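*Asks:* Have a peek at target_39.cif (mmCIF, C-alpha atoms).
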```cif
data_final
#
loop_
_atom_site.label_atom_id
_atom_site.label_comp_id
_atom_site.auth_asym_id
_atom_site.auth_seq_id
_atom_site.Cartn_x
_atom_site.Cartn_y
_atom_site.Cartn_z
CA MET Q 1 49.07 31.60 16.33
CA ARG Q 2 49.64 29.62 19.51
CA LYS Q 3 49.76 31.53 22.80
CA THR Q 4 52.84 31.39 24.96
CA ILE Q 5 52.34 30.12 28.48
CA LYS Q 6 52.88 33.61 29.88
CA LEU Q 7 50.25 35.11 27.57
CA ALA Q 8 47.85 32.33 28.56
CA LEU Q 9 48.44 33.20 32.23
CA VAL Q 10 47.86 36.90 31.60
CA SER Q 11 44.69 36.12 29.66
CA ALA Q 12 43.35 33.91 32.47
CA LEU Q 13 44.10 36.57 35.09
CA GLU Q 14 42.49 39.29 32.96
CA ASP Q 15 39.30 37.22 32.78
CA LEU Q 16 38.95 37.34 36.57
CA THR Q 17 36.71 39.89 38.26
CA LYS Q 18 38.44 42.22 40.71
CA ASP Q 19 37.15 40.15 43.65
CA ASN Q 20 38.37 36.90 42.12
CA PHE Q 21 41.73 38.46 41.26
CA ASP Q 22 42.09 39.58 44.88
CA LYS Q 23 41.18 36.03 46.03
CA PHE Q 24 43.74 34.62 43.60
CA CYS Q 25 46.48 36.88 44.99
CA HIS Q 26 45.50 35.97 48.55
CA GLN Q 27 45.67 32.24 47.72
CA LEU Q 28 49.05 32.78 46.05
CA LEU Q 29 50.43 34.36 49.21
CA ASP Q 30 48.83 31.67 51.35
CA ARG Q 31 50.50 28.74 49.52
CA ARG Q 32 52.45 26.50 51.89
CA GLU Q 33 54.58 24.71 49.31
CA ALA Q 34 57.99 26.01 48.29
CA PRO Q 35 58.84 28.26 46.65
CA ARG Q 36 56.76 30.74 48.58
CA VAL Q 37 55.90 34.14 47.11
CA LYS Q 38 56.61 37.20 49.24
CA ARG Q 39 53.90 39.71 49.94
CA ASN Q 40 55.79 42.63 48.35
CA LYS Q 41 55.87 40.70 45.04
CA VAL Q 42 52.06 40.49 44.95
CA GLU Q 43 50.47 43.47 46.72
CA SER Q 44 49.32 46.28 44.43
CA LYS Q 45 50.57 44.48 41.32
CA SER Q 46 48.79 44.35 38.00
CA ARG Q 47 47.70 41.12 36.37
CA LEU Q 48 50.64 41.31 33.99
CA GLU Q 49 53.04 41.76 36.91
CA ILE Q 50 51.47 38.80 38.73
CA ALA Q 51 51.99 36.66 35.62
CA ASP Q 52 55.67 37.73 35.66
CA VAL Q 53 55.90 36.79 39.36
CA LEU Q 54 54.35 33.39 38.67
CA VAL Q 55 56.76 32.62 35.84
CA SER Q 56 59.84 33.90 37.68
CA HIS Q 57 59.01 31.91 40.82
CA PHE Q 58 57.75 28.64 39.32
CA THR Q 59 59.05 28.51 35.71
CA GLU Q 60 56.52 28.64 32.89
CA GLU Q 61 55.18 25.10 33.31
CA GLY Q 62 55.18 25.33 37.09
CA ALA Q 63 53.34 28.66 36.89
CA LEU Q 64 50.72 27.02 34.71
CA ARG Q 65 50.15 24.20 37.21
CA VAL Q 66 50.09 26.56 40.22
CA THR Q 67 47.69 28.95 38.50
CA VAL Q 68 45.29 26.14 37.58
CA ALA Q 69 45.34 24.88 41.19
CA LEU Q 70 44.76 28.38 42.62
CA LEU Q 71 41.92 29.09 40.19
CA LYS Q 72 40.22 25.86 41.24
CA ALA Q 73 40.74 26.74 44.90
CA ILE Q 74 38.90 30.06 44.49
CA GLY Q 75 36.07 28.49 42.50
CA CYS Q 76 37.04 29.73 39.03
CA ARG Q 77 36.59 26.37 37.31
CA ASN Q 78 36.06 27.69 33.76
CA GLU Q 79 39.28 29.70 33.81
CA ALA Q 80 41.12 26.71 35.34
CA GLU Q 81 39.81 24.39 32.60
CA GLU Q 82 40.83 26.78 29.82
CA LEU Q 83 44.30 27.09 31.30
CA GLY Q 84 44.42 23.30 31.76
CA GLU Q 85 43.87 22.94 28.00
CA VAL Q 86 46.99 25.06 27.42
CA ASN Q 87 48.86 22.66 29.71
CA VAL Q 88 47.72 19.72 27.57
CA GLN Q 89 48.82 21.53 24.39
CA VAL Q 90 52.25 22.22 25.93
CA SER Q 91 52.61 18.53 26.86
CA GLN Q 92 51.61 17.41 23.36
CA PHE Q 93 54.05 19.90 21.80
CA LYS Q 94 56.88 18.56 23.98
CA LEU Q 95 56.05 14.98 23.04
CA CYS Q 96 56.14 15.97 19.39
CA LEU Q 97 59.56 17.63 19.83
CA ALA Q 98 60.90 14.61 21.68
CA SER Q 99 59.67 12.33 18.92
CA LYS Q 100 61.34 14.48 16.26
CA ALA Q 101 64.59 14.57 18.26
CA ASN Q 102 64.49 10.79 18.66
CA SER Q 103 63.89 10.41 14.94
CA MET Q 104 66.87 12.66 14.19
CA VAL Q 105 69.13 10.65 16.53
CA SER Q 106 68.22 7.39 14.81
CA LYS Q 107 68.61 8.89 11.32
CA ASP Q 108 72.01 10.36 12.21
CA PHE Q 109 73.17 7.09 13.77
CA VAL Q 110 72.12 5.00 10.78
CA GLU Q 111 73.83 7.39 8.35
CA LYS Q 112 76.96 8.04 10.42
CA HIS Q 113 77.74 4.38 11.10
CA ARG Q 114 76.82 3.04 7.67
CA GLY Q 115 80.19 1.39 7.03
CA GLN Q 116 80.42 -0.25 10.44
CA LEU Q 117 76.82 -1.47 10.28
CA ILE Q 118 77.33 -2.98 6.83
CA GLN Q 119 80.44 -4.82 8.03
CA ARG Q 120 79.27 -5.90 11.49
CA VAL Q 121 75.51 -6.52 11.63
CA SER Q 122 75.04 -10.26 12.04
CA ASN Q 123 71.32 -10.65 12.91
CA ILE Q 124 70.18 -9.44 9.51
CA ALA Q 125 67.44 -12.09 9.22
CA LEU Q 126 65.66 -10.83 12.36
CA ILE Q 127 66.02 -7.23 11.20
CA LEU Q 128 64.59 -8.06 7.77
CA ASP Q 129 61.65 -9.83 9.43
CA GLU Q 130 60.87 -6.71 11.47
CA LEU Q 131 61.24 -4.42 8.46
CA LEU Q 132 58.79 -6.62 6.56
CA ASP Q 133 56.34 -6.70 9.50
CA LYS Q 134 56.46 -2.91 9.80
CA GLU Q 135 56.09 -2.48 6.03
CA VAL Q 136 59.43 -0.75 5.51
CA ILE Q 137 60.10 -3.38 2.87
CA GLN Q 138 57.70 -5.39 0.73
CA GLN Q 139 57.73 -9.20 0.29
CA GLU Q 140 59.54 -8.96 -3.06
CA THR Q 141 62.37 -6.88 -1.58
CA TYR Q 142 62.52 -9.15 1.47
CA THR Q 143 62.89 -12.24 -0.71
CA ARG Q 144 65.52 -10.58 -2.92
CA ILE Q 145 67.63 -9.44 0.05
CA ARG Q 146 67.32 -12.81 1.85
CA ALA Q 147 68.63 -14.54 -1.29
CA LEU Q 148 71.94 -12.65 -1.11
CA SER Q 149 74.77 -14.75 0.26
CA THR Q 150 76.47 -12.54 2.88
CA SER Q 151 75.26 -10.23 5.63
CA GLN Q 152 77.33 -7.44 4.10
CA GLU Q 153 75.56 -7.80 0.74
CA LYS Q 154 72.19 -7.80 2.49
CA MET Q 155 73.06 -4.67 4.46
CA ARG Q 156 74.35 -2.89 1.35
CA GLU Q 157 71.10 -3.73 -0.42
CA LEU Q 158 69.10 -2.33 2.51
CA TYR Q 159 71.12 0.88 2.46
CA SER Q 160 70.83 1.30 -1.32
CA GLY Q 161 67.06 0.81 -1.34
CA PRO Q 162 64.63 0.84 1.58
CA LEU Q 163 66.76 2.94 3.95
CA GLN Q 164 66.86 5.71 1.35
CA ALA Q 165 63.10 6.18 1.61
CA SER Q 166 62.68 8.33 4.73
CA ALA Q 167 63.75 9.17 8.26
CA ALA Q 168 60.83 7.06 9.48
CA CYS Q 169 62.29 3.97 7.77
CA LYS Q 170 65.66 4.69 9.34
CA LYS Q 171 63.98 5.04 12.74
CA ILE Q 172 62.35 1.61 12.40
CA PHE Q 173 65.68 0.14 11.25
CA TYR Q 174 67.46 1.78 14.21
CA ASP Q 175 64.86 0.43 16.65
CA SER Q 176 65.40 -3.03 15.19
CA LEU Q 177 69.15 -2.63 15.58
CA LEU Q 178 68.62 -1.67 19.22
CA GLU Q 179 66.65 -4.84 19.76
CA ASN Q 180 68.76 -7.28 17.73
CA GLU Q 181 72.25 -5.77 17.77
CA LYS Q 182 72.33 -4.02 21.14
CA PRO Q 183 76.06 -4.52 21.92
CA LEU Q 184 77.04 -3.17 18.50
CA VAL Q 185 74.75 -0.13 18.80
CA LYS Q 186 76.09 0.53 22.30
CA GLU Q 187 79.70 0.32 21.13
CA LEU Q 188 79.13 2.63 18.17
CA SER Q 189 77.13 5.10 20.29
CA GLU Q 190 79.93 5.31 22.85
CA LYS Q 191 82.35 6.31 20.08
CA ASP Q 192 80.20 9.35 19.18
#
```
Kindly return the structure encoded in the file as structure tokens.

*Replies:*
Amino acid sequence: MRKTIKLALVSALEDLTKDNFDKFCHQLLDRREAPRVKRNKVESKSRLEIADVLVSHFTEEGALRVTVALLKAIGCRNEAEELGEVNVQVSQFKLCLASKANSMVSKDFVEKHRGQLIQRVSNIALILDELLDKEVIQQETYTRIRALSTSQEKMRELYSGPLQASAACKKIFYDSLLENEKPLVKELSEKD
């Protein structure tokens, strides 16, 4: 189970000796950057309470950055490095979420605007080339679709075959639409 940022902060503070914890609190009070932490929020507080103060003053991610900086300032490099690893994991998790959200947007767009795309995409040859290059379609499918006489037939064939495969295929198709049919994508997106 992955730790929350707050639990990671508490764990890092609990690893400190009493002297280092006191130094940490002193450094926290001595910070010059805004937002500043008031003395009554820190003095005589437990490690758990200090973690709460950090999160409430700086947000979870801000608290993580501030804590790493303060730990380094008091010479607690190991604790700072461990907490820095949590920061990297948080960043990677956010990138993953953003990627999934982007994939969902493209999938929804491609499905929602199916009719309009079939009727209005005109740069189908460029899109087919990209789909072939990115291995969404194979040479045989590429040749078969290219042989069809109208753009609408080609788009229908794409929708009935390769675009049924996965969200990843739809994402690549969407990216190609963005590159080759930007005005159309913009117009349809504005209607959403």

*Asks:* So how many Å separate CA of Lys107 in chain Q and CA of Lys170 in chain Q, to one decimal?

*Replies:*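 Distance between the two atoms: 5.5 Å.
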
*Asks:* If I take CA of Tyr142 in chain Q and CA of Leu188 in chain Q, how far is one from the other in Å, to one decimal?

*Replies:*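 CA of Leu188 in chain Q lies 26.3 Å from CA of Tyr142 in chain Q.
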
*Asks:* To verify the selection step, state as a tab-separated table (two decimals) with C-alpha atoms, keeping the file's coordinate frame which residues the PyMOL selection byres ((chain Q and resi 172-185) around 9) yields on this input.

*Replies:*
```tsv
chain	number	residue	atom	x	y	z
Q	106	SER	CA	68.22	7.39	14.81
Q	107	LYS	CA	68.61	8.89	11.32
Q	109	PHE	CA	73.17	7.09	13.77
Q	110	VAL	CA	72.12	5.00	10.78
Q	117	LEU	CA	76.82	-1.47	10.28
Q	120	ARG	CA	79.27	-5.90	11.49
Q	121	VAL	CA	75.51	-6.52	11.63
Q	122	SER	CA	75.04	-10.26	12.04
Q	123	ASN	CA	71.32	-10.65	12.91
Q	124	ILE	CA	70.18	-9.44	9.51
Q	126	LEU	CA	65.66	-10.83	12.36
Q	127	ILE	CA	66.02	-7.23	11.20
Q	128	LEU	CA	64.59	-8.06	7.77
Q	130	GLU	CA	60.87	-6.71	11.47
Q	131	LEU	CA	61.24	-4.42	8.46
Q	134	LYS	CA	56.46	-2.91	9.80
Q	136	VAL	CA	59.43	-0.75	5.51
Q	163	LEU	CA	66.76	2.94	3.95
Q	167	ALA	CA	63.75	9.17	8.26
Q	168	ALA	CA	60.83	7.06	9.48
Q	169	CYS	CA	62.29	3.97	7.77
Q	170	LYS	CA	65.66	4.69	9.34
Q	171	LYS	CA	63.98	5.04	12.74
Q	186	LYS	CA	76.09	0.53	22.30
Q	187	GLU	CA	79.70	0.32	21.13
Q	188	LEU	CA	79.13	2.63	18.17
Q	189	SER	CA	77.13	5.10	20.29
Q	190	GLU	CA	79.93	5.31	22.85
```

*Asks:* Please expand the PyMOL selection byres ((chain Q and resi 150) around 12) into the concrete residues it hits in this file, giving the result as a PDB file with C-alpha atoms, in the coordinates of the input.

*Replies:*
```pdb
ATOM      1  CA  ILE Q 118      77.330  -2.980   6.830  1.00  0.00           C
ATOM      2  CA  GLN Q 119      80.440  -4.820   8.030  1.00  0.00           C
ATOM      3  CA  ARG Q 120      79.270  -5.900  11.490  1.00  0.00           C
ATOM      4  CA  VAL Q 121      75.510  -6.520  11.630  1.00  0.00           C
ATOM      5  CA  SER Q 122      75.040 -10.260  12.040  1.00  0.00           C
ATOM      6  CA  ASN Q 123      71.320 -10.650  12.910  1.00  0.00           C
ATOM      7  CA  ILE Q 124      70.180  -9.440   9.510  1.00  0.00           C
ATOM      8  CA  ALA Q 125      67.440 -12.090   9.220  1.00  0.00           C
ATOM      9  CA  ILE Q 145      67.630  -9.440   0.050  1.00  0.00           C
ATOM     10  CA  ARG Q 146      67.320 -12.810   1.850  1.00  0.00           C
ATOM     11  CA  ALA Q 147      68.630 -14.540  -1.290  1.00  0.00           C
ATOM     12  CA  LEU Q 148      71.940 -12.650  -1.110  1.00  0.00           C
ATOM     13  CA  SER Q 149      74.770 -14.750   0.260  1.00  0.00           C
ATOM     14  CA  SER Q 151      75.260 -10.230   5.630  1.00  0.00           C
ATOM     15  CA  GLN Q 152      77.330  -7.440   4.100  1.00  0.00           C
ATOM     16  CA  GLU Q 153      75.560  -7.800   0.740  1.00  0.00           C
ATOM     17  CA  LYS Q 154      72.190  -7.800   2.490  1.00  0.00           C
ATOM     18  CA  MET Q 155      73.060  -4.670   4.460  1.00  0.00           C
ATOM     19  CA  ARG Q 156      74.350  -2.890   1.350  1.00  0.00           C
ATOM     20  CA  GLU Q 157      71.100  -3.730  -0.420  1.00  0.00           C
TER      21      GLU Q 157
END
```

*Asks:* Rounded to one decimal place, report the CA of Asp30 in chain Q-CA of Leu48 in chain Q distance in Å.

*Replies:* 19.9 Å

*Asks:* If the PyMOL selection byres ((chain Q and resi 1-18) around 9) is run on the structure shown, which residues does it catch, given as a VMD selection string?

*Replies:* chain Q and resid 19 to 24 47 to 52 54 to 55 60 to 61 63 to 64 67 76 79 to 80 82 to 83 86 to 87 90

*Asks:* Have a look at Q:Lys191, Q:Arg77, Q:Lys72, Q:His57 and name the one nearest to Gln116 in chain Q; count only C-alpha atoms.

*Replies:*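 Result for the nearest residue to Gln116 in chain Q: Q:Lys191.
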